[in-house]
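Shown next: entry.cif, containing mmCIF, C-alpha atoms and all ligand atoms.
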data_entry
#
loop_
_atom_site.group_PDB
_atom_site.id
_atom_site.type_symbol
_atom_site.label_atom_id
_atom_site.label_comp_id
_atom_site.auth_asym_id
_atom_site.auth_seq_id
_atom_site.Cartn_x
_atom_site.Cartn_y
_atom_site.Cartn_z
ATOM 1 C CA MET A 1 -99.555 -177.594 -102.548
ATOM 2 C CA PHE A 2 -97.940 -177.522 -106.010
ATOM 3 C CA LYS A 3 -97.126 -174.057 -107.349
ATOM 4 C CA SER A 4 -96.812 -173.399 -111.049
ATOM 5 C CA GLY A 5 -97.044 -170.693 -113.639
ATOM 6 C CA TYR A 6 -95.414 -168.456 -116.185
ATOM 7 C CA ILE A 7 -92.650 -165.968 -115.482
ATOM 8 C CA GLY A 8 -91.643 -163.395 -118.103
ATOM 9 C CA ILE A 9 -88.030 -162.207 -118.015
ATOM 10 C CA ILE A 10 -87.816 -158.732 -119.495
ATOM 11 C CA GLY A 11 -85.311 -155.901 -119.513
ATOM 12 C CA LYS A 12 -83.047 -153.867 -121.711
ATOM 13 C CA PRO A 13 -80.528 -155.576 -123.993
ATOM 14 C CA ASN A 14 -77.581 -157.128 -122.131
ATOM 15 C CA ALA A 15 -79.157 -156.988 -118.644
ATOM 16 C CA GLY A 16 -78.452 -160.714 -118.202
ATOM 17 C CA LYS A 17 -81.863 -162.208 -118.962
ATOM 18 C CA SER A 18 -80.582 -165.237 -120.833
ATOM 19 C CA THR A 19 -77.855 -165.849 -118.258
ATOM 20 C CA LEU A 20 -80.487 -165.942 -115.516
ATOM 21 C CA MET A 21 -82.753 -168.232 -117.466
ATOM 22 C CA ASN A 22 -79.950 -170.705 -118.182
ATOM 23 C CA LEU A 23 -78.942 -170.694 -114.535
ATOM 24 C CA VAL A 24 -82.401 -171.461 -113.179
ATOM 25 C CA VAL A 25 -83.085 -174.116 -115.791
ATOM 26 C CA GLY A 26 -79.657 -175.661 -115.274
ATOM 27 C CA GLU A 27 -78.856 -175.947 -118.981
ATOM 28 C CA LYS A 28 -77.758 -173.496 -121.591
ATOM 29 C CA ILE A 29 -80.843 -173.214 -123.759
ATOM 30 C CA ALA A 30 -80.680 -169.500 -124.494
ATOM 31 C CA ILE A 31 -77.506 -168.183 -126.028
ATOM 32 C CA SER A 32 -75.868 -165.290 -124.301
ATOM 33 C CA THR A 33 -72.985 -163.078 -125.322
ATOM 34 C CA HIS A 34 -71.546 -159.729 -124.299
ATOM 35 C CA LYS A 35 -73.075 -158.185 -127.430
ATOM 36 C CA PRO A 36 -76.528 -156.633 -127.124
ATOM 37 C CA GLN A 37 -79.516 -158.144 -128.935
ATOM 38 C CA THR A 38 -78.217 -161.684 -128.919
ATOM 39 C CA THR A 39 -81.607 -163.203 -128.088
ATOM 40 C CA ARG A 40 -84.047 -162.850 -130.977
ATOM 41 C CA ASN A 41 -86.901 -165.147 -129.988
ATOM 42 C CA ARG A 42 -88.990 -165.820 -126.975
ATOM 43 C CA ILE A 43 -87.580 -168.975 -125.434
ATOM 44 C CA MET A 44 -89.224 -171.072 -122.782
ATOM 45 C CA GLY A 45 -87.173 -172.612 -120.008
ATOM 46 C CA ILE A 46 -88.817 -174.934 -117.504
ATOM 47 C CA ARG A 47 -87.646 -175.576 -113.959
ATOM 48 C CA THR A 48 -89.488 -178.384 -112.201
ATOM 49 C CA THR A 49 -88.936 -179.342 -108.568
ATOM 50 C CA GLU A 50 -90.983 -181.475 -106.155
ATOM 51 C CA ALA A 51 -92.969 -178.435 -105.075
ATOM 52 C CA SER A 52 -93.208 -176.352 -108.206
ATOM 53 C CA GLN A 53 -92.966 -175.869 -111.931
ATOM 54 C CA PHE A 54 -91.650 -172.465 -112.981
ATOM 55 C CA ILE A 55 -92.040 -171.730 -116.676
ATOM 56 C CA PHE A 56 -89.680 -168.911 -117.633
ATOM 57 C CA LEU A 57 -90.010 -166.959 -120.861
ATOM 58 C CA ASP A 58 -86.719 -165.358 -121.883
ATOM 59 C CA THR A 59 -87.197 -162.483 -124.309
ATOM 60 C CA PRO A 60 -85.210 -160.173 -126.572
ATOM 61 C CA GLY A 61 -84.225 -156.878 -124.968
ATOM 62 C CA ILE A 62 -86.778 -154.098 -124.929
ATOM 63 C CA HIS A 63 -85.504 -150.832 -126.358
ATOM 64 C CA LYS A 64 -86.470 -148.107 -128.795
ATOM 65 C CA ALA A 65 -86.017 -150.101 -131.965
ATOM 66 C CA ARG A 66 -85.514 -148.743 -135.453
ATOM 67 C CA THR A 67 -84.918 -151.621 -137.850
ATOM 68 C CA PRO A 68 -87.679 -154.110 -138.760
ATOM 69 C CA LEU A 69 -85.815 -157.036 -137.166
ATOM 70 C CA ASN A 70 -85.359 -155.081 -133.933
ATOM 71 C CA ARG A 71 -88.959 -153.930 -133.918
ATOM 72 C CA GLN A 72 -90.022 -157.541 -134.354
ATOM 73 C CA MET A 73 -87.798 -158.515 -131.420
ATOM 74 C CA VAL A 74 -89.261 -155.828 -129.160
ATOM 75 C CA SER A 75 -92.819 -156.813 -130.018
ATOM 76 C CA THR A 76 -91.898 -160.440 -129.280
ATOM 77 C CA ALA A 77 -90.608 -159.349 -125.873
ATOM 78 C CA MET A 78 -93.660 -157.290 -125.067
ATOM 79 C CA SER A 79 -96.045 -160.058 -126.099
ATOM 80 C CA VAL A 80 -95.214 -161.905 -122.854
ATOM 81 C CA PHE A 81 -96.963 -159.179 -120.876
ATOM 82 C CA ASN A 82 -100.254 -160.853 -121.729
ATOM 83 C CA ASP A 83 -99.337 -164.410 -120.940
ATOM 84 C CA VAL A 84 -97.575 -164.526 -117.593
ATOM 85 C CA ASN A 85 -98.337 -164.649 -113.857
ATOM 86 C CA VAL A 86 -95.356 -162.531 -112.938
ATOM 87 C CA LEU A 87 -92.775 -160.384 -114.689
ATOM 88 C CA LEU A 88 -89.118 -160.162 -113.713
ATOM 89 C CA LEU A 89 -87.716 -156.827 -114.806
ATOM 90 C CA LEU A 90 -83.936 -157.111 -114.953
ATOM 91 C CA THR A 91 -81.736 -154.076 -114.597
ATOM 92 C CA ASP A 92 -77.976 -153.909 -114.736
ATOM 93 C CA ALA A 93 -76.388 -152.698 -111.489
ATOM 94 C CA GLY A 94 -73.264 -151.790 -113.417
ATOM 95 C CA ALA A 95 -75.128 -149.325 -115.643
ATOM 96 C CA PRO A 96 -77.330 -146.412 -114.602
ATOM 97 C CA ILE A 97 -81.098 -146.597 -115.053
ATOM 98 C CA GLY A 98 -81.410 -145.248 -118.579
ATOM 99 C CA ARG A 99 -83.733 -144.525 -121.453
ATOM 100 C CA ASP A 100 -84.493 -148.173 -122.133
ATOM 101 C CA ASP A 101 -85.456 -148.859 -118.495
ATOM 102 C CA THR A 102 -87.694 -145.789 -118.441
ATOM 103 C CA PHE A 103 -89.332 -146.889 -121.681
ATOM 104 C CA ILE A 104 -90.033 -150.334 -120.196
ATOM 105 C CA LEU A 105 -91.414 -148.890 -116.951
ATOM 106 C CA ARG A 106 -93.752 -146.669 -118.914
ATOM 107 C CA SER A 107 -95.085 -149.652 -120.858
ATOM 108 C CA LEU A 108 -95.676 -151.527 -117.567
ATOM 109 C CA LYS A 109 -97.711 -148.727 -116.054
ATOM 110 C CA ASP A 110 -101.183 -150.062 -116.763
ATOM 111 C CA ILE A 111 -100.366 -153.731 -116.673
ATOM 112 C CA PRO A 112 -102.055 -155.567 -113.816
ATOM 113 C CA ILE A 113 -99.324 -158.170 -113.395
ATOM 114 C CA PRO A 114 -96.985 -158.273 -110.386
ATOM 115 C CA VAL A 115 -93.514 -157.100 -111.339
ATOM 116 C CA VAL A 116 -90.405 -158.133 -109.425
ATOM 117 C CA LEU A 117 -87.472 -155.836 -109.973
ATOM 118 C CA VAL A 118 -84.284 -157.853 -110.253
ATOM 119 C CA ILE A 119 -81.106 -155.816 -109.916
ATOM 120 C CA ASN A 120 -78.609 -158.024 -111.702
ATOM 121 C CA LYS A 121 -74.798 -157.927 -111.860
ATOM 122 C CA ILE A 122 -74.365 -156.884 -108.226
ATOM 123 C CA ASP A 123 -70.927 -158.492 -108.390
ATOM 124 C CA LEU A 124 -69.902 -155.382 -110.317
ATOM 125 C CA ILE A 125 -70.703 -152.855 -107.604
ATOM 126 C CA GLY A 126 -69.743 -152.268 -103.983
ATOM 127 C CA LYS A 127 -72.172 -152.949 -101.138
ATOM 128 C CA GLU A 128 -72.304 -149.252 -100.279
ATOM 129 C CA LYS A 129 -73.852 -148.525 -103.678
ATOM 130 C CA LEU A 130 -76.496 -151.221 -103.484
ATOM 131 C CA LEU A 131 -78.776 -149.829 -100.782
ATOM 132 C CA PRO A 132 -79.181 -146.361 -102.314
ATOM 133 C CA MET A 133 -79.792 -148.044 -105.663
ATOM 134 C CA ILE A 134 -82.560 -150.240 -104.226
ATOM 135 C CA ASP A 135 -84.036 -147.183 -102.590
ATOM 136 C CA GLU A 136 -83.982 -145.197 -105.820
ATOM 137 C CA VAL A 137 -85.454 -147.834 -108.114
ATOM 138 C CA SER A 138 -88.146 -148.874 -105.632
ATOM 139 C CA ARG A 139 -89.755 -145.516 -106.268
ATOM 140 C CA LEU A 140 -90.107 -146.038 -110.003
ATOM 141 C CA HIS A 141 -92.956 -148.552 -109.955
ATOM 142 C CA PRO A 142 -95.058 -150.382 -107.348
ATOM 143 C CA PHE A 143 -92.814 -153.437 -107.518
ATOM 144 C CA GLU A 144 -93.900 -156.560 -105.708
ATOM 145 C CA GLU A 145 -90.315 -156.991 -104.483
ATOM 146 C CA VAL A 146 -86.829 -155.784 -105.301
ATOM 147 C CA VAL A 147 -84.232 -158.558 -105.400
ATOM 148 C CA PRO A 148 -80.532 -157.933 -106.044
ATOM 149 C CA ILE A 149 -78.734 -160.869 -107.664
ATOM 150 C CA SER A 150 -75.777 -161.894 -109.739
ATOM 151 C CA ALA A 151 -76.926 -164.289 -112.440
ATOM 152 C CA LEU A 152 -73.349 -164.873 -113.480
ATOM 153 C CA LYS A 153 -72.109 -165.831 -109.996
ATOM 154 C CA GLY A 154 -75.394 -167.257 -108.762
ATOM 155 C CA PHE A 155 -75.667 -164.807 -105.818
ATOM 156 C CA ASN A 156 -79.073 -164.557 -104.164
ATOM 157 C CA VAL A 157 -80.858 -166.440 -106.931
ATOM 158 C CA ASP A 158 -82.416 -168.785 -104.353
ATOM 159 C CA ARG A 159 -84.055 -165.778 -102.770
ATOM 160 C CA LEU A 160 -85.461 -164.772 -106.171
ATOM 161 C CA LEU A 161 -86.860 -168.283 -106.658
ATOM 162 C CA ASP A 162 -88.530 -168.045 -103.218
ATOM 163 C CA VAL A 163 -90.132 -164.737 -104.141
ATOM 164 C CA ILE A 164 -91.453 -166.206 -107.395
ATOM 165 C CA GLY A 165 -92.795 -169.248 -105.541
ATOM 166 C CA LYS A 166 -94.756 -167.008 -103.197
ATOM 167 C CA ILE A 167 -96.386 -165.106 -106.061
ATOM 168 C CA LEU A 168 -97.290 -168.043 -108.305
ATOM 169 C CA PRO A 169 -100.684 -169.660 -107.809
ATOM 170 C CA GLU A 170 -101.371 -173.262 -107.011
ATOM 171 C CA GLY A 171 -101.395 -175.073 -110.337
ATOM 172 C CA PRO A 172 -100.811 -178.222 -112.351
ATOM 173 C CA HIS A 173 -97.717 -179.658 -114.001
ATOM 174 C CA TYR A 174 -98.140 -177.867 -117.320
ATOM 175 C CA PHE A 175 -95.277 -179.788 -118.900
ATOM 176 C CA PRO A 176 -93.599 -183.163 -118.372
ATOM 177 C CA ASP A 177 -91.142 -182.983 -115.468
ATOM 178 C CA ASP A 178 -88.102 -183.708 -117.639
ATOM 179 C CA MET A 179 -88.876 -181.095 -120.273
ATOM 180 C CA ILE A 180 -86.617 -178.032 -120.117
ATOM 181 C CA THR A 181 -87.628 -176.033 -123.185
ATOM 182 C CA ASP A 182 -90.324 -175.769 -125.836
ATOM 183 C CA ARG A 183 -87.782 -175.120 -128.552
ATOM 184 C CA PRO A 184 -87.039 -178.007 -130.920
ATOM 185 C CA GLU A 185 -83.540 -179.424 -131.169
ATOM 186 C CA ARG A 186 -82.926 -177.832 -134.553
ATOM 187 C CA PHE A 187 -83.610 -174.403 -133.131
ATOM 188 C CA LEU A 188 -81.072 -174.944 -130.349
ATOM 189 C CA ALA A 189 -78.477 -176.136 -132.869
ATOM 190 C CA ALA A 190 -79.056 -173.063 -135.074
ATOM 191 C CA GLU A 191 -78.682 -170.815 -132.045
ATOM 192 C CA MET A 192 -75.375 -172.448 -131.083
ATOM 193 C CA ILE A 193 -74.056 -171.713 -134.578
ATOM 194 C CA ARG A 194 -75.301 -168.121 -134.360
ATOM 195 C CA GLU A 195 -73.683 -167.721 -130.942
ATOM 196 C CA ARG A 196 -70.322 -168.797 -132.350
ATOM 197 C CA ILE A 197 -70.682 -166.268 -135.195
ATOM 198 C CA THR A 198 -71.627 -163.540 -132.708
ATOM 199 C CA LEU A 199 -68.546 -164.275 -130.632
ATOM 200 C CA LEU A 200 -66.111 -164.532 -133.547
ATOM 201 C CA THR A 201 -67.198 -161.674 -135.833
ATOM 202 C CA HIS A 202 -67.539 -157.952 -135.304
ATOM 203 C CA LYS A 203 -69.486 -154.821 -136.097
ATOM 204 C CA GLU A 204 -72.658 -155.439 -138.053
ATOM 205 C CA VAL A 205 -71.902 -159.026 -139.042
ATOM 206 C CA PRO A 206 -73.666 -160.776 -136.092
ATOM 207 C CA TYR A 207 -76.711 -158.580 -136.584
ATOM 208 C CA SER A 208 -76.868 -159.361 -140.309
ATOM 209 C CA THR A 209 -76.695 -163.103 -139.782
ATOM 210 C CA ALA A 210 -79.479 -165.658 -139.622
ATOM 211 C CA VAL A 211 -78.938 -169.404 -139.391
ATOM 212 C CA VAL A 212 -81.348 -171.893 -140.912
ATOM 213 C CA ILE A 213 -81.034 -175.645 -140.359
ATOM 214 C CA ASP A 214 -81.558 -177.395 -143.705
ATOM 215 C CA SER A 215 -81.316 -180.925 -142.399
ATOM 216 C CA PHE A 216 -81.021 -182.530 -138.965
ATOM 217 C CA LYS A 217 -80.739 -186.314 -139.015
ATOM 218 C CA GLU A 218 -79.715 -188.944 -136.543
ATOM 219 C CA ASP A 219 -77.469 -191.538 -138.138
ATOM 220 C CA THR A 220 -78.083 -194.370 -135.701
ATOM 221 C CA ALA A 221 -75.829 -196.820 -137.551
ATOM 222 C CA LYS A 222 -72.834 -194.493 -137.142
ATOM 223 C CA GLY A 223 -74.023 -193.091 -133.805
ATOM 224 C CA LEU A 224 -73.892 -189.478 -134.884
ATOM 225 C CA LEU A 225 -76.004 -186.468 -135.670
ATOM 226 C CA ARG A 226 -75.758 -185.015 -139.186
ATOM 227 C CA ILE A 227 -76.611 -181.353 -139.430
ATOM 228 C CA GLN A 228 -76.588 -179.118 -142.491
ATOM 229 C CA ALA A 229 -77.115 -175.429 -141.948
ATOM 230 C CA THR A 230 -77.064 -172.288 -144.048
ATOM 231 C CA ILE A 231 -75.715 -169.043 -142.688
ATOM 232 C CA HIS A 232 -77.555 -166.165 -144.347
ATOM 233 C CA VAL A 233 -75.879 -162.784 -144.515
ATOM 234 C CA GLU A 234 -76.921 -159.568 -146.222
ATOM 235 C CA LYS A 235 -73.842 -158.676 -148.278
ATOM 236 C CA ASP A 236 -70.987 -160.257 -150.225
ATOM 237 C CA SER A 237 -68.484 -158.571 -147.912
ATOM 238 C CA GLN A 238 -70.117 -160.275 -144.913
ATOM 239 C CA LYS A 239 -69.959 -163.602 -146.703
ATOM 240 C CA GLY A 240 -66.236 -163.005 -147.150
ATOM 241 C CA ILE A 241 -65.833 -162.339 -143.429
ATOM 242 C CA ILE A 242 -67.794 -165.433 -142.413
ATOM 243 C CA ILE A 243 -65.764 -167.648 -144.739
ATOM 244 C CA GLY A 244 -62.425 -166.004 -143.950
ATOM 245 C CA LYS A 245 -59.036 -166.591 -145.528
ATOM 246 C CA LYS A 246 -59.098 -169.990 -147.236
ATOM 247 C CA GLY A 247 -62.182 -170.846 -145.210
ATOM 248 C CA SER A 248 -60.431 -170.372 -141.877
ATOM 249 C CA MET A 249 -63.250 -168.434 -140.179
ATOM 250 C CA LEU A 250 -65.950 -170.833 -141.317
ATOM 251 C CA LYS A 251 -63.819 -173.626 -139.937
ATOM 252 C CA ARG A 252 -63.549 -171.928 -136.526
ATOM 253 C CA ILE A 253 -67.286 -171.260 -136.470
ATOM 254 C CA GLY A 254 -67.999 -174.860 -137.448
ATOM 255 C CA THR A 255 -65.627 -176.415 -134.915
ATOM 256 C CA GLY A 256 -66.807 -174.212 -132.036
ATOM 257 C CA ALA A 257 -70.473 -174.800 -132.803
ATOM 258 C CA ARG A 258 -69.948 -178.527 -133.302
ATOM 259 C CA LEU A 259 -68.284 -178.938 -129.906
ATOM 260 C CA GLU A 260 -71.117 -177.049 -128.244
ATOM 261 C CA ILE A 261 -73.792 -179.107 -130.032
ATOM 262 C CA GLU A 262 -71.969 -182.340 -129.164
ATOM 263 C CA ARG A 263 -71.825 -181.356 -125.514
ATOM 264 C CA PHE A 264 -75.501 -180.437 -125.399
ATOM 265 C CA PHE A 265 -76.863 -183.458 -127.261
ATOM 266 C CA ASP A 266 -74.216 -185.791 -125.864
ATOM 267 C CA THR A 267 -73.410 -187.323 -129.234
ATOM 268 C CA LYS A 268 -70.883 -187.020 -132.059
ATOM 269 C CA VAL A 269 -71.928 -184.439 -134.614
ATOM 270 C CA TYR A 270 -71.149 -184.030 -138.287
ATOM 271 C CA LEU A 271 -71.813 -180.385 -139.107
ATOM 272 C CA GLU A 272 -71.817 -178.909 -142.606
ATOM 273 C CA LEU A 273 -72.159 -175.158 -143.050
ATOM 274 C CA PHE A 274 -73.070 -173.155 -146.146
ATOM 275 C CA VAL A 275 -73.013 -169.392 -146.521
ATOM 276 C CA ARG A 276 -75.527 -167.512 -148.623
ATOM 277 C CA VAL A 277 -76.104 -163.850 -149.407
ATOM 278 C CA GLN A 278 -79.738 -162.890 -148.946
ATOM 279 C CA PRO A 279 -79.860 -159.121 -149.444
ATOM 280 C CA ASN A 280 -81.895 -157.200 -146.851
ATOM 281 C CA TRP A 281 -83.403 -160.215 -145.138
ATOM 282 C CA ALA A 282 -83.588 -158.269 -141.849
ATOM 283 C CA GLN A 283 -85.828 -155.658 -143.505
ATOM 284 C CA ASP A 284 -88.186 -158.121 -145.119
ATOM 285 C CA SER A 285 -91.109 -159.394 -143.061
ATOM 286 C CA ARG A 286 -91.677 -162.484 -145.191
ATOM 287 C CA MET A 287 -88.035 -163.453 -144.914
ATOM 288 C CA LEU A 288 -88.024 -162.745 -141.165
ATOM 289 C CA GLY A 289 -90.789 -165.329 -140.820
ATOM 290 C CA GLU A 290 -88.920 -167.848 -142.951
ATOM 291 C CA PHE A 291 -85.799 -167.413 -140.855
ATOM 292 C CA GLY A 292 -87.672 -168.092 -137.634
ATOM 293 C CA TYR A 293 -88.640 -164.587 -136.517
ATOM 294 C CA PRO A 294 -92.394 -164.524 -137.063
ATOM 295 C CA ASN A 295 -94.671 -161.936 -135.492
ATOM 296 C CA GLU A 296 -95.306 -163.626 -132.149
HETATM 297 N N1 LIG B 1 -70.612 -159.322 -114.194
HETATM 298 C C1 LIG B 1 -71.759 -159.883 -114.523
HETATM 299 N N2 LIG B 1 -72.035 -160.091 -115.835
HETATM 300 C C2 LIG B 1 -73.221 -160.673 -116.140
HETATM 301 C C3 LIG B 1 -74.174 -161.059 -115.162
HETATM 302 N N3 LIG B 1 -75.238 -161.588 -115.783
HETATM 303 C C4 LIG B 1 -74.965 -161.552 -117.114
HETATM 304 N N4 LIG B 1 -73.748 -161.008 -117.343
HETATM 305 C C5 LIG B 1 -73.078 -160.791 -118.639
HETATM 306 O O1 LIG B 1 -73.789 -159.808 -119.373
HETATM 307 C C6 LIG B 1 -73.739 -160.098 -120.779
HETATM 308 C C7 LIG B 1 -75.149 -160.157 -121.328
HETATM 309 O O2 LIG B 1 -75.810 -161.284 -120.790
HETATM 310 P P1 LIG B 1 -77.087 -161.916 -121.487
HETATM 311 O O3 LIG B 1 -77.614 -162.961 -120.579
HETATM 312 O O4 LIG B 1 -76.785 -162.304 -122.902
HETATM 313 O O5 LIG B 1 -78.049 -160.635 -121.477
HETATM 314 P P2 LIG B 1 -79.497 -160.470 -122.167
HETATM 315 O O6 LIG B 1 -79.254 -159.663 -123.408
HETATM 316 O O7 LIG B 1 -80.298 -159.689 -121.173
HETATM 317 O O8 LIG B 1 -80.049 -161.821 -122.431
HETATM 318 C C8 LIG B 1 -72.990 -161.416 -120.910
HETATM 319 O O9 LIG B 1 -71.647 -161.123 -121.254
HETATM 320 C C9 LIG B 1 -73.096 -162.034 -119.532
HETATM 321 O O10 LIG B 1 -72.027 -162.891 -119.211
HETATM 322 C C10 LIG B 1 -73.834 -160.821 -113.765
HETATM 323 O O11 LIG B 1 -74.570 -161.117 -112.841
HETATM 324 N N5 LIG B 1 -72.621 -160.221 -113.531
HETATM 325 MG MG MG B 2 -80.701 -162.691 -124.107
#

Now that the file is in, can you turn its structure into structure tokens?
Ligand SMILES: Nc1nc2c(ncn2[C@@H]2O[C@H](COP(=O)(O)OP(=O)(O)O)[C@@H](O)[C@H]2O)c(=O)[nH]1
Ligand SMILES: [Mg+2]
Amino acid sequence: MFKSGYIGIIGKPNAGKSTLMNLVVGEKIAISTHKPQTTRNRIMGIRTTEASQFIFLDTPGIHKARTPLNRQMVSTAMSVFNDVNVLLLLTDAGAPIGRDDTFILRSLKDIPIPVVLVINKIDLIGKEKLLPMIDEVSRLHPFEEVVPISALKGFNVDRLLDVIGKILPEGPHYFPDDMITDRPERFLAAEMIRERITLLTHKEVPYSTAVVIDSFKEDTAKGLLRIQATIHVEKDSQKGIIIGKKGSMLKRIGTGARLEIERFFDTKVYLELFVRVQPNWAQDSRMLGEFGYPNE
């Protein structure tokens, strides 16, 4: 009997959703950093084995959002409620159940989909804290199961996969067995550039940045991939930060992203980056769509 279906990964920002998805898919397809709100789109990750095909949907964090970009991200996350066989709600064992978790639980109240509560980051807490925590959170919702894991260390993730396998129905191979994501290569490349910017810059800069791939071409004669991308920021001062003294920051961003893209695509890469000021793009719904954040 072949089991297959869709699994939505939801939770507050920074709970470890993208880390979990990358682990189960076996490739880094969703970028993940220590800064909240790194994931902006819904990203599919497919895990196919002899007995099953699990189709995971990684989502932006759900929280009380104020800005248009953040509201868009939350509505993207919540849109998976309608399309999945099971939801994994990730919480962070290192942080108390807070406002964002309560907000998510309230929005799950009338949803007739099985929810598995995944207590992530158990490597951060002692064993003596885990049992009372499981006891406490089990009361918050009629969860199908409560599974403590560490996505970072890979603890107990096999158990989570077993639980998912039990819930999913018998089904077809929805996707080819070697497919790991629905996102095109240019999207992944843009995300790797954005990840580098998120890691290397501070304060509002990562949140004011969007990366658009202008050209993505395989040069078969030279055996390399030529990528041109524009980094959009909202202000001149941010452009200055991204470029850095004599271009030093842009160089670090470019080198870091290039190495990551080369590793992923297993080819030499020639990466050219441009920086452009696009005032208020994160407030502008037309621009959000153009930059790859449409209403999903
Ligand atoms: N200690 C610990 N850190 C984790 C674990 N899972 C994720 N993280 C870290 O938490 C941060 C946020 O992870 P990410 O996957 O981007 O969270 P997301 O916003 O929910 O997608 C990153 O710095 C991860 O390395 C875990 O199991 N243990
Ligand atoms: Mg994420």

Which residues come within 12 Å of Ile113 in chain A, counting only C-alpha atoms, excluding same-chain residues fewer than 3 positions away, as a short mmCIF file (atom, residue, chain, number, x, y, z; two decimals) with C-alpha atoms, in the coordinates of the input?
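Written file, selection_37.cif:
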data_model
loop_
_atom_site.label_atom_id
_atom_site.label_comp_id
_atom_site.auth_asym_id
_atom_site.auth_seq_id
_atom_site.Cartn_x
_atom_site.Cartn_y
_atom_site.Cartn_z
CA TYR A 6 -95.41 -168.46 -116.18
CA ILE A 7 -92.65 -165.97 -115.48
CA GLY A 8 -91.64 -163.40 -118.10
CA VAL A 80 -95.21 -161.90 -122.85
CA PHE A 81 -96.96 -159.18 -120.88
CA ASN A 82 -100.25 -160.85 -121.73
CA ASP A 83 -99.34 -164.41 -120.94
CA VAL A 84 -97.58 -164.53 -117.59
CA ASN A 85 -98.34 -164.65 -113.86
CA VAL A 86 -95.36 -162.53 -112.94
CA LEU A 87 -92.78 -160.38 -114.69
CA LEU A 88 -89.12 -160.16 -113.71
CA LEU A 89 -87.72 -156.83 -114.81
CA LEU A 108 -95.68 -151.53 -117.57
CA LYS A 109 -97.71 -148.73 -116.05
CA ASP A 110 -101.18 -150.06 -116.76
CA VAL A 116 -90.40 -158.13 -109.42
CA PRO A 142 -95.06 -150.38 -107.35
CA PHE A 143 -92.81 -153.44 -107.52
CA GLU A 144 -93.90 -156.56 -105.71
CA ILE A 167 -96.39 -165.11 -106.06
CA LEU A 168 -97.29 -168.04 -108.30
#

(request) Run the PyMOL selection byres (((chain A and resi 282-294) around 8) and not hetatm) on the file and write out the hits as a PyMOL selection string. (result) chain A and resi 40-41+67-69+72-73+208+210-212+280-281+295-296

(request) Apply the PyMOL selection byres (((not hetatm)) within 9 of (chain B and resi 1)) to the structure shown and report the selected residues as a ChimeraX atom specification. (result) /A:9-22,30-39,58-61,90-94,119-124,149-155

(request) Determine the nearest neighbour of ligand MG 2 (chain B) from the options A:His141, A:Arg66, A:Arg42, A:Arg47, counting all atoms listed in the file. (result)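 That would be A:Arg42, the residue with the smallest distance to ligand MG 2 (chain B).
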
(message) I need the output of the PyMOL selection byres (((chain A and resi 236) around 12) and not hetatm) for this file as a PyMOL selection string; which residues are they?
(response) chain A and resi 205+208+232-235+237-243+275-280
